[in-house]
Number of protein chains: 2
Amino acid sequence: MRFASFFGDRSRIFCSRYTFSELLLVFAGACGGLVAYADAKSEQDVRTFQGPTKKKVLVLGTGWGGTSFLRNIDTSLYDVQVISPRNYFAFTPLLPSVTCGTVEARSIVEPIRNIIGKKGGDIKFWDAECFEIDPTKKKVLCRYNAVTNSFGTAEFSVDYDYLVIAVGGKEVEDATRIRRSVIDCFERACLPNLDDEERKKSLHFVIVGGGPTGVEFAAELHDFVVEDLSKLYPSVYDLVKITVIGADEHILTMFDKRVFTFAEDKFKRDGIDLKTGYRVVKVSENDITMVSKATGEKSVTYGMAVWSTGIGTRPVILKFMMQIGQGHRRVLATDEWLRVCGCDGVYAIGDCASIGQRKVMEDIAEIFKVADKDNSGTLTVREIQDILQDVIIRYPQVDLYLKSKHMSDIVELLQESKSVAKVEDIEVDIEEFKRALANVDSQVKTLPATAQVAAQQGNYLARCFNKMKDLDEHPEGPLRITEAGRHNFLPFRYKHLGQFAPLGGEQAAAQLPGDWISIGHSTQWLWYSVYASKQVSWRTRVLVVFDWTKRFIFGRDSSCL
Amino acid sequence: MRFASFFGDRSRIFCSRYTFSELLLVFAGACGGLVAYADAKSEQDVRTFQGPTKKKVLVLGTGWGGTSFLRNIDTSLYDVQVISPRNYFAFTPLLPSVTCGTVEARSIVEPIRNIIGKKGGDIKFWDAECFEIDPTKKKVLCRYNAVTNSFGTAEFSVDYDYLVIAVGGKEVEDATRIRRSVIDCFERACLPNLDDEERKKSLHFVIVGGGPTGVEFAAELHDFVVEDLSKLYPSVYDLVKITVIGADEHILTMFDKRVFTFAEDKFKRDGIDLKTGYRVVKVSENDITMVSKATGEKSVTYGMAVWSTGIGTRPVILKFMMQIGQGHRRVLATDEWLRVCGCDGVYAIGDCASIGQRKVMEDIAEIFKVADKDNSGTLTVREIQDILQDVIIRYPQVDLYLKSKHMSDIVELLQESKSVAKVEDIEVDIEEFKRALANVDSQVKTLPATAQVAAQQGNYLARCFNKMKDLDEHPEGPLRITEAGRHNFLPFRYKHLGQFAPLGGEQAAAQLPGDWISIGHSTQWLWYSVYASKQVSWRTRVLVVFDWTKRFIFGRDSSCL
């Protein structure tokens, strides 16, 4: 063992620290133990002479946000550590496929040590659960929970200079538990001592939530039942019922009307019961109670219910929010630079956080004052155009509002508001300025809890960290409105790359930027290509494609594992 | 859904119950609902007019024994039902590969409904755990335990005419738990708050048992550590230690000396610590205490211990053994026809049972009496040869004893015992007969708890059930020694097809019948081919081969799933 490891270490050293001439030297000396020892010593020296200690960055979580940060952070600038109770990264957009065995859980996970190992082993990973964050002492308390052996609980603390909270919300275990539960319902329904009502109850699958995840699960479940379980459980197949309960008037409301109309029609043809416009008010052991404006209260018994609306917040985050005065919130509030409001050096990304976008109307007087360079009490077109770029960067809702009005410029807005024919003549006072911008804040949007958002945030934050020193001297951000100077960084801006909604039966819908809509079988193939290409490693890519092929040939496995 | 299912049902009817002319009729009428109804009715009639009700055979367990029985039983003769808390069959010989992720758990399981479905759906399967057997009322009590949902516990009872107990002893869950535990030990050893002693303890893997399973696990673990984990956990790799504790002087004592010498040499080269001749006397949370004749008592701390010697008996079997007066035993005792001693219509196969081979010396007086046709008080060679075949079938140890003495015939044995030159002159009285056969019972052997034995027993038992009626009239078994006539069936006879011992590093040993020994890399390839070909379905065959290929290319996955 020792021998293999020795060479392993050496080859890693080659990659990371030595120039070509040094390489030659080490090769030449590789026959002598003494030279090898000297070499090992020089490695230590390199470490010792690294100059002032690097700042410690601690990342909590190995989901999309955390992993994306780790892949992009420059480890020559920071001492990076990661803590997570999961020693792998999971490709969560494929979790709905895992729930029915279309893809295996192991095919969508990659050990985090593989991912950070590609950065030369400079990042330290600890498989533990953080249970307390102490932002005043700048440390976190962690616990190692061995699930399978007798080590018991071990606690330790880790210091940080910067903390990146990226604890996420979706779990692979949940998906495999759902898979098992579906089969349990079928096996239970086959037992000899049940009457038909009990069998029907056992085979009633209720999905609460008409969003993309709920809809994708319903579609996967329907395919699983029709394509695979129907052959294995023919005696109870007719009793299966799938119900989707959604609070809105339609499912998939975040998509274009063409998409949700197609989806609803397809689900109706498939025999999936859509209960849209219903709000679930109670879930008991036996039934689910829901209320609709039209028909009032209604209860249904169920064999299995899947809750796919909203994401639970982890206890450690709830506790942390209490500590920093955010106890009334559901997730952590950050500013537009992803800094957690109310404490220093703490950042939060992904599902556990939401950006509190500053409103234009809160700052309207200051904006006016900054723009009014000549202190005339009115703004000319020239003055407005001078500050426009900074305002749009600081308040992206302005841009969205203009786009929603099909306007190219804020001046058009003022023009509309003042009804002036010639642009150059426009001059507005503070009241007119307020009136013109009165509705822009309606365009402030909460970002969805998706992989895309988390990954972009992780990437953005790593870039900020990497440039921190440079930007201290040469800020790239927009003008500060309430103070002098500029913000160091550009605020985070989410770039939506489109969204898929797989609908089962080898059909999918996609809505891409520019309201480009694609629906049908070809979209499902687009989905396959995009999801295969987005995998984090060649290993998972091969596994996922193999799983899809396997499903085509052999169907899905129904073993209760 | 309903439509597809309707046709599904129809086509099944075609296959199983209709002649060609009836088929035509049903096809012709398939357009009218009324005709379809008439058809459905006629199906019911067929069921009603089936003559006397078929006897009910109830099988407990879906392991090697149960599945092999189900695949071979003639369902036109019996009403067959199966109860198991596992709705799949697992290819247990590959479980050691699952413990380290060389093969995935799902690749070696096949839903039992797939297997019984190939017999036309006549076998009923219930996913439940039998918790009590009532041999007087001929029924079993079962419990459905939903792991994942809120159905709670449901109990029901099932009647039987014949009960086949095949509950096995090995579980897929155990293998996946071991896999997780190995990674847990590594993650734990990397934590920042440990000293070197604690890290070493965490990475000390102890395997108790020097049999094929323990040895294969040790080899798999060594490969996993050297080939995969060394890259991901370089900082603690040097602290890993693997120890195998065996009670005998050597590991793999059931194999030829060439095999265990090779295995021991290879393990020593690999740095695996072999503690042979040690008996484990205590396992506490922190350490394992063992005793050897040579060095006395010794304790070692461990991070993970795997117990691979002997198989636990399930509570339901222990309870049943108490009921039928076998409470002092470890597993169920059956006779040579696999009938459980002490109760009627109950059979037991596989790991949960052991055959109590009747001893020659117990029946020696009766054998002499039956052979001595002329009641002369002595046996001639002719008389002995007349009964020889029946004796060898009833007492296979006679044959084994002759083979061990390199004799072709029992007469040679008598000749040796009496020192007579000419064979024809031999004539023995009862005392001489006893003396000659005094040692044959030393060859009575307990069958190992392997897949091979269970599968052959299941197959044998199904054949007996299928021929039961015929053989009532025309018995094929050997002469009854204590009563008149013949036994209906030939007793079960195990045919050993050889055994493999994978030793890691792409090397294996094999011992095939006729003491044919094969060791090395080519044997590992033989192992691959045999294990691939023995898979129960093309699906699992493809999956297992894919897993092997995947391991060659990408290594084993170390995600804690």
# chains A, B, ... in the order shown; residues from 1 in each chain; ligands from 1
call {"tool": "closest_atom_pairs", "arguments": {"of": "chain B", "to": "chain A", "cutoff": "6 Å", "atoms": "only C-alpha atoms", "output": "Markdown table"}}
result
| residue | atom | partner | partner_atom | distance |
| --- | --- | --- | --- | --- |
| B:Asn87 | CA | A:Ser559 | CA | 6.0 |
| B:Tyr88 | CA | A:Ser559 | CA | 5.5 |
| B:Pro111 | CA | A:Ser559 | CA | 5.2 |
| B:Arg113 | CA | A:Leu232 | CA | 5.9 |
| B:Trp126 | CA | A:Leu191 | CA | 5.9 |
| B:Asp127 | CA | A:Glu187 | CA | 5.9 |
| B:Thr148 | CA | A:Ser181 | CA | 5.3 |
| B:Ser181 | CA | A:Thr148 | CA | 5.3 |
| B:Glu187 | CA | A:Asp127 | CA | 5.9 |
| B:Leu191 | CA | A:Trp126 | CA | 5.9 |
| B:Leu232 | CA | A:Arg113 | CA | 5.9 |
| B:Ser559 | CA | A:Pro111 | CA | 5.2 |
call {"tool": "select_by_dssp", "arguments": {"residues": "region 123-371 of chain B", "states": "strand (DSSP E)", "output": "VMD selection string"}}
result
chain B and resid 124 to 127 129 to 134 139 to 145 153 to 159 162 to 165 204 to 208 241 to 246 273 to 276 278 to 283 287 to 292 296 to 301 304 to 307 332 to 334 346 to 348 353 to 355
call {"tool": "closest_residue", "arguments": {"among": "B:Ser518, B:Thr289, B:Thr92, B:Gln457", "to": "Thr334 (chain B)", "atoms": "only C-alpha atoms"}}
result
B:Gln457
call {"tool": "residues_around", "arguments": {"residues": "Asp363 (chain A)", "least_positions_apart": "5", "cutoff": "10 Å", "atoms": "only C-alpha atoms", "output": "list in words"}}
result
Arg358, Phe368, Lys369, Ile481 and Thr482 of chain A
call {"tool": "select_by_dssp", "arguments": {"residues": "region 373-519 of chain B", "states": "alpha helix (DSSP H)", "output": "PyMOL selection string"}}
result
chain B and resi 381-394+396-404+410-418+430-437+451-473
call {"tool": "residues_around", "arguments": {"residues": "region 505-514 of chain B", "least_positions_apart": "2", "cutoff": "12 Å", "atoms": "only C-alpha atoms", "output": "short mmCIF file (atom, residue, chain, number, x, y, z; two decimals) with N, CA, C and O atoms, in the first residue's frame"}}
result
data_model
loop_
_atom_site.label_atom_id
_atom_site.label_comp_id
_atom_site.auth_asym_id
_atom_site.auth_seq_id
_atom_site.Cartn_x
_atom_site.Cartn_y
_atom_site.Cartn_z
N PRO B 212 -15.04 -18.54 2.48
CA PRO B 212 -15.03 -17.86 1.19
C PRO B 212 -15.63 -16.45 1.22
O PRO B 212 -15.11 -15.55 0.59
N VAL B 215 -13.21 -14.00 3.10
CA VAL B 215 -12.01 -13.79 2.29
C VAL B 215 -12.33 -12.93 1.08
O VAL B 215 -11.58 -12.00 0.74
N GLU B 216 -13.48 -13.19 0.44
CA GLU B 216 -13.83 -12.40 -0.73
C GLU B 216 -14.07 -10.95 -0.33
O GLU B 216 -13.66 -10.02 -1.03
N ALA B 218 -12.70 -9.37 2.23
CA ALA B 218 -11.39 -8.77 2.52
C ALA B 218 -10.68 -8.38 1.24
O ALA B 218 -10.09 -7.29 1.13
N ALA B 219 -10.76 -9.25 0.23
CA ALA B 219 -10.10 -8.98 -1.05
C ALA B 219 -10.74 -7.79 -1.75
O ALA B 219 -10.05 -6.90 -2.26
N GLU B 220 -12.08 -7.75 -1.76
CA GLU B 220 -12.80 -6.63 -2.38
C GLU B 220 -12.44 -5.33 -1.68
O GLU B 220 -12.18 -4.31 -2.31
N LEU B 221 -12.43 -5.37 -0.35
CA LEU B 221 -12.15 -4.17 0.43
C LEU B 221 -10.73 -3.68 0.14
O LEU B 221 -10.51 -2.47 -0.07
N HIS B 222 -9.78 -4.61 0.07
CA HIS B 222 -8.41 -4.22 -0.23
C HIS B 222 -8.32 -3.54 -1.59
O HIS B 222 -7.68 -2.48 -1.74
N ASP B 223 -8.98 -4.12 -2.60
CA ASP B 223 -8.98 -3.51 -3.93
C ASP B 223 -9.62 -2.13 -3.92
O ASP B 223 -9.13 -1.18 -4.54
N PHE B 224 -10.74 -2.02 -3.22
CA PHE B 224 -11.47 -0.75 -3.12
C PHE B 224 -10.55 0.32 -2.52
O PHE B 224 -10.44 1.44 -3.04
N VAL B 225 -9.85 -0.05 -1.46
CA VAL B 225 -8.96 0.90 -0.78
C VAL B 225 -7.80 1.30 -1.69
O VAL B 225 -7.53 2.49 -1.89
N VAL B 226 -7.14 0.30 -2.28
CA VAL B 226 -5.94 0.58 -3.06
C VAL B 226 -6.28 1.28 -4.37
O VAL B 226 -5.61 2.24 -4.77
N GLU B 227 -7.33 0.79 -5.05
CA GLU B 227 -7.61 1.31 -6.39
C GLU B 227 -8.39 2.62 -6.38
O GLU B 227 -8.25 3.43 -7.28
N LEU B 252 -9.80 -20.40 4.22
CA LEU B 252 -10.30 -21.21 3.11
C LEU B 252 -10.00 -22.70 3.28
O LEU B 252 -9.57 -23.37 2.33
N MET B 254 -11.87 -25.16 3.42
CA MET B 254 -12.68 -26.08 2.62
C MET B 254 -12.06 -26.30 1.24
O MET B 254 -12.53 -27.13 0.48
N PHE B 255 -11.01 -25.53 0.92
CA PHE B 255 -10.34 -25.68 -0.37
C PHE B 255 -9.08 -26.53 -0.22
O PHE B 255 -8.60 -26.78 0.89
N ASP B 256 -8.53 -26.91 -1.34
CA ASP B 256 -7.28 -27.64 -1.41
C ASP B 256 -6.13 -26.78 -0.84
O ASP B 256 -6.19 -25.55 -0.85
N LYS B 257 -5.08 -27.46 -0.41
CA LYS B 257 -3.95 -26.74 0.19
C LYS B 257 -3.33 -25.71 -0.78
O LYS B 257 -2.93 -24.63 -0.37
N ARG B 258 -3.28 -26.08 -2.08
CA ARG B 258 -2.70 -25.16 -3.06
C ARG B 258 -3.46 -23.83 -3.07
O ARG B 258 -2.88 -22.75 -3.22
N VAL B 259 -4.78 -23.92 -2.90
CA VAL B 259 -5.60 -22.70 -2.93
C VAL B 259 -5.31 -21.84 -1.71
O VAL B 259 -5.01 -20.64 -1.82
N PHE B 260 -5.37 -22.45 -0.51
CA PHE B 260 -5.23 -21.56 0.66
C PHE B 260 -3.80 -21.07 0.84
O PHE B 260 -3.59 -19.97 1.36
N THR B 261 -2.84 -21.83 0.38
CA THR B 261 -1.46 -21.33 0.43
C THR B 261 -1.31 -20.11 -0.47
O THR B 261 -0.75 -19.08 -0.08
N PHE B 262 -1.84 -20.23 -1.67
CA PHE B 262 -1.79 -19.11 -2.61
C PHE B 262 -2.49 -17.88 -2.03
O PHE B 262 -1.98 -16.76 -2.07
N ALA B 263 -3.68 -18.12 -1.47
CA ALA B 263 -4.48 -17.02 -0.92
C ALA B 263 -3.75 -16.35 0.24
O ALA B 263 -3.67 -15.12 0.32
N GLU B 264 -3.17 -17.17 1.12
CA GLU B 264 -2.47 -16.60 2.27
C GLU B 264 -1.24 -15.80 1.84
O GLU B 264 -0.99 -14.71 2.35
N LYS B 266 -0.85 -14.31 -1.06
CA LYS B 266 -1.30 -13.08 -1.70
C LYS B 266 -1.74 -12.06 -0.67
O LYS B 266 -1.39 -10.88 -0.75
N PHE B 267 -2.50 -12.50 0.32
CA PHE B 267 -2.97 -11.58 1.36
C PHE B 267 -1.79 -10.97 2.12
O PHE B 267 -1.81 -9.79 2.46
N ARG B 269 1.26 -10.49 0.97
CA ARG B 269 1.86 -9.49 0.08
C ARG B 269 1.03 -8.20 0.05
O ARG B 269 1.57 -7.11 -0.04
N ASP B 270 -0.29 -8.35 0.10
CA ASP B 270 -1.19 -7.19 0.05
C ASP B 270 -1.21 -6.42 1.37
O ASP B 270 -1.85 -5.37 1.46
N LYS B 403 -15.05 -44.24 -1.96
CA LYS B 403 -14.21 -43.37 -2.80
C LYS B 403 -12.99 -42.90 -2.03
O LYS B 403 -11.88 -42.83 -2.56
N LYS B 495 -25.16 -32.29 -5.71
CA LYS B 495 -24.10 -32.46 -6.69
C LYS B 495 -23.23 -31.21 -6.69
O LYS B 495 -23.66 -30.14 -7.13
N HIS B 496 -22.03 -31.33 -6.15
CA HIS B 496 -21.16 -30.17 -6.03
C HIS B 496 -20.57 -29.81 -7.39
O HIS B 496 -19.92 -30.62 -8.03
N LEU B 497 -20.80 -28.57 -7.83
CA LEU B 497 -20.32 -28.16 -9.15
C LEU B 497 -19.03 -27.37 -9.07
O LEU B 497 -18.56 -26.82 -10.06
N GLY B 498 -18.46 -27.27 -7.87
CA GLY B 498 -17.22 -26.52 -7.73
C GLY B 498 -17.45 -25.22 -6.99
O GLY B 498 -18.59 -24.81 -6.78
N GLN B 499 -16.36 -24.57 -6.62
CA GLN B 499 -16.47 -23.35 -5.83
C GLN B 499 -15.35 -22.39 -6.19
O GLN B 499 -14.22 -22.79 -6.45
N PHE B 500 -15.71 -21.11 -6.20
CA PHE B 500 -14.72 -20.07 -6.49
C PHE B 500 -14.32 -19.34 -5.22
O PHE B 500 -15.10 -19.26 -4.27
N ALA B 501 -13.12 -18.80 -5.22
CA ALA B 501 -12.71 -17.89 -4.16
C ALA B 501 -11.98 -16.71 -4.81
O ALA B 501 -10.79 -16.79 -5.10
N PRO B 502 -12.70 -15.61 -5.07
CA PRO B 502 -12.03 -14.43 -5.63
C PRO B 502 -11.08 -13.86 -4.59
O PRO B 502 -11.43 -13.74 -3.42
N LEU B 503 -9.87 -13.52 -5.03
CA LEU B 503 -8.84 -13.11 -4.08
C LEU B 503 -8.38 -11.67 -4.27
O LEU B 503 -7.43 -11.22 -3.65
N TRP B 516 -9.98 -30.52 -9.45
CA TRP B 516 -9.34 -29.73 -10.47
C TRP B 516 -9.18 -28.32 -9.92
O TRP B 516 -10.15 -27.65 -9.58
N ILE B 517 -7.93 -27.86 -9.79
CA ILE B 517 -7.65 -26.56 -9.18
C ILE B 517 -7.19 -25.58 -10.24
O ILE B 517 -6.40 -25.93 -11.12
N SER B 518 -7.70 -24.37 -10.14
CA SER B 518 -7.27 -23.33 -11.08
C SER B 518 -7.08 -22.05 -10.28
O SER B 518 -7.92 -21.67 -9.47
N ILE B 519 -5.94 -21.39 -10.48
CA ILE B 519 -5.62 -20.19 -9.70
C ILE B 519 -5.04 -19.12 -10.60
O ILE B 519 -4.26 -19.43 -11.50
N GLY B 520 -5.43 -17.88 -10.37
CA GLY B 520 -4.77 -16.78 -11.07
C GLY B 520 -5.72 -15.88 -11.83
O GLY B 520 -6.93 -15.86 -11.58
N HIS B 521 -5.15 -15.13 -12.78
CA HIS B 521 -5.95 -14.16 -13.53
C HIS B 521 -6.97 -14.84 -14.42
O HIS B 521 -8.10 -14.39 -14.54
N SER B 522 -6.56 -15.97 -15.06
CA SER B 522 -7.50 -16.64 -15.96
C SER B 522 -8.70 -17.17 -15.18
O SER B 522 -9.82 -17.18 -15.69
N THR B 523 -8.47 -17.54 -13.92
CA THR B 523 -9.57 -18.03 -13.11
C THR B 523 -10.57 -16.92 -12.80
O THR B 523 -11.77 -17.13 -12.72
N GLN B 524 -10.03 -15.71 -12.64
CA GLN B 524 -10.92 -14.57 -12.42
C GLN B 524 -11.82 -14.37 -13.63
O GLN B 524 -13.00 -14.09 -13.50
N TRP B 525 -11.26 -14.58 -14.84
CA TRP B 525 -12.08 -14.43 -16.04
C TRP B 525 -13.09 -15.57 -16.15
O TRP B 525 -14.22 -15.35 -16.60
N LEU B 526 -12.69 -16.74 -15.71
CA LEU B 526 -13.65 -17.85 -15.64
C LEU B 526 -14.78 -17.48 -14.69
O LEU B 526 -15.97 -17.69 -14.97
N TRP B 527 -14.40 -16.88 -13.55
CA TRP B 527 -15.39 -16.43 -12.55
C TRP B 527 -16.36 -15.45 -13.20
O TRP B 527 -17.57 -15.59 -13.07
N TYR B 528 -15.83 -14.46 -13.93
CA TYR B 528 -16.70 -13.49 -14.61
C TYR B 528 -17.69 -14.21 -15.52
O TYR B 528 -18.88 -13.93 -15.51
N VAL B 530 -18.72 -17.39 -15.54
CA VAL B 530 -19.70 -18.24 -14.85
C VAL B 530 -20.77 -17.38 -14.18
O VAL B 530 -21.96 -17.64 -14.31
N TRP B 548 -19.29 -4.24 -14.09
CA TRP B 548 -17.86 -4.64 -14.13
C TRP B 548 -17.08 -3.71 -15.06
O TRP B 548 -15.99 -3.25 -14.73
N PHE B 552 -14.00 -0.98 -14.28
CA PHE B 552 -12.70 -0.94 -14.97
C PHE B 552 -12.38 0.47 -15.45
O PHE B 552 -11.25 0.92 -15.38
#
call {"tool": "residues_around", "arguments": {"residues": "Val167 (chain A)", "least_positions_apart": "2", "cutoff": "8 Å", "atoms": "only C-alpha atoms", "output": "PyMOL selection string"}}
result
chain A and resi 60-63+66+84+165+169+350-352
call {"tool": "write_last_selection", "arguments": {"atoms": "N, CA and C atoms", "output": "mmCIF file, in the first residue's frame"}}
result
data_model
loop_
_atom_site.group_PDB
_atom_site.id
_atom_site.type_symbol
_atom_site.label_atom_id
_atom_site.label_comp_id
_atom_site.auth_asym_id
_atom_site.auth_seq_id
_atom_site.Cartn_x
_atom_site.Cartn_y
_atom_site.Cartn_z
ATOM 1 N N LEU A 60 -20.682 25.751 3.502
ATOM 2 C CA LEU A 60 -21.584 24.739 4.057
ATOM 3 C C LEU A 60 -22.452 24.195 2.932
ATOM 4 N N GLY A 61 -22.282 22.912 2.617
ATOM 5 C CA GLY A 61 -23.151 22.321 1.610
ATOM 6 C C GLY A 61 -22.420 21.968 0.336
ATOM 7 N N THR A 62 -22.825 20.854 -0.270
ATOM 8 C CA THR A 62 -22.202 20.398 -1.515
ATOM 9 C C THR A 62 -23.250 20.218 -2.608
ATOM 10 N N GLY A 63 -24.249 21.109 -2.577
ATOM 11 C CA GLY A 63 -25.256 21.079 -3.645
ATOM 12 C C GLY A 63 -24.798 21.931 -4.819
ATOM 13 N N GLY A 66 -22.907 25.335 -3.561
ATOM 14 C CA GLY A 66 -21.601 25.057 -2.960
ATOM 15 C C GLY A 66 -20.613 24.525 -3.974
ATOM 16 N N SER A 84 -20.277 19.202 4.839
ATOM 17 C CA SER A 84 -21.594 18.754 4.391
ATOM 18 C C SER A 84 -21.842 17.364 4.937
ATOM 19 N N ILE A 165 -23.016 30.009 2.986
ATOM 20 C CA ILE A 165 -24.068 29.053 3.363
ATOM 21 C C ILE A 165 -24.788 28.602 2.092
ATOM 22 N N GLY A 169 -31.865 22.158 -0.368
ATOM 23 C CA GLY A 169 -33.139 21.693 0.167
ATOM 24 C C GLY A 169 -33.596 20.356 -0.370
ATOM 25 N N GLY A 350 -28.384 29.793 -3.179
ATOM 26 C CA GLY A 350 -29.234 28.634 -3.452
ATOM 27 C C GLY A 350 -30.555 28.665 -2.713
ATOM 28 N N ASP A 351 -31.111 27.467 -2.497
ATOM 29 C CA ASP A 351 -32.465 27.335 -1.962
ATOM 30 C C ASP A 351 -32.644 27.917 -0.565
ATOM 31 N N CYS A 352 -31.549 28.064 0.195
ATOM 32 C CA CYS A 352 -31.694 28.505 1.581
ATOM 33 C C CYS A 352 -31.735 30.020 1.695
#
call {"tool": "residues_around", "arguments": {"residues": "region 321-326 of chain A", "least_positions_apart": "4", "cutoff": "8 Å", "atoms": "only C-alpha atoms", "output": "count of residues only"}}
result
5
call {"tool": "atom_distance", "arguments": {"atom1": "CA of Thr450 (chain A)", "atom2": "CA of Gly210 (chain A)"}}
result
15.5 Å
call {"tool": "atom_distance", "arguments": {"atom1": "CA of Arg330 (chain A)", "atom2": "CA of Ile311 (chain A)"}}
result
9.5 Å
call {"tool": "closest_residue", "arguments": {"among": "B:Asp390, B:Met407, B:Ala454, B:Val536", "to": "Arg480 (chain B)", "atoms": "only C-alpha atoms"}}
result
B:Asp390
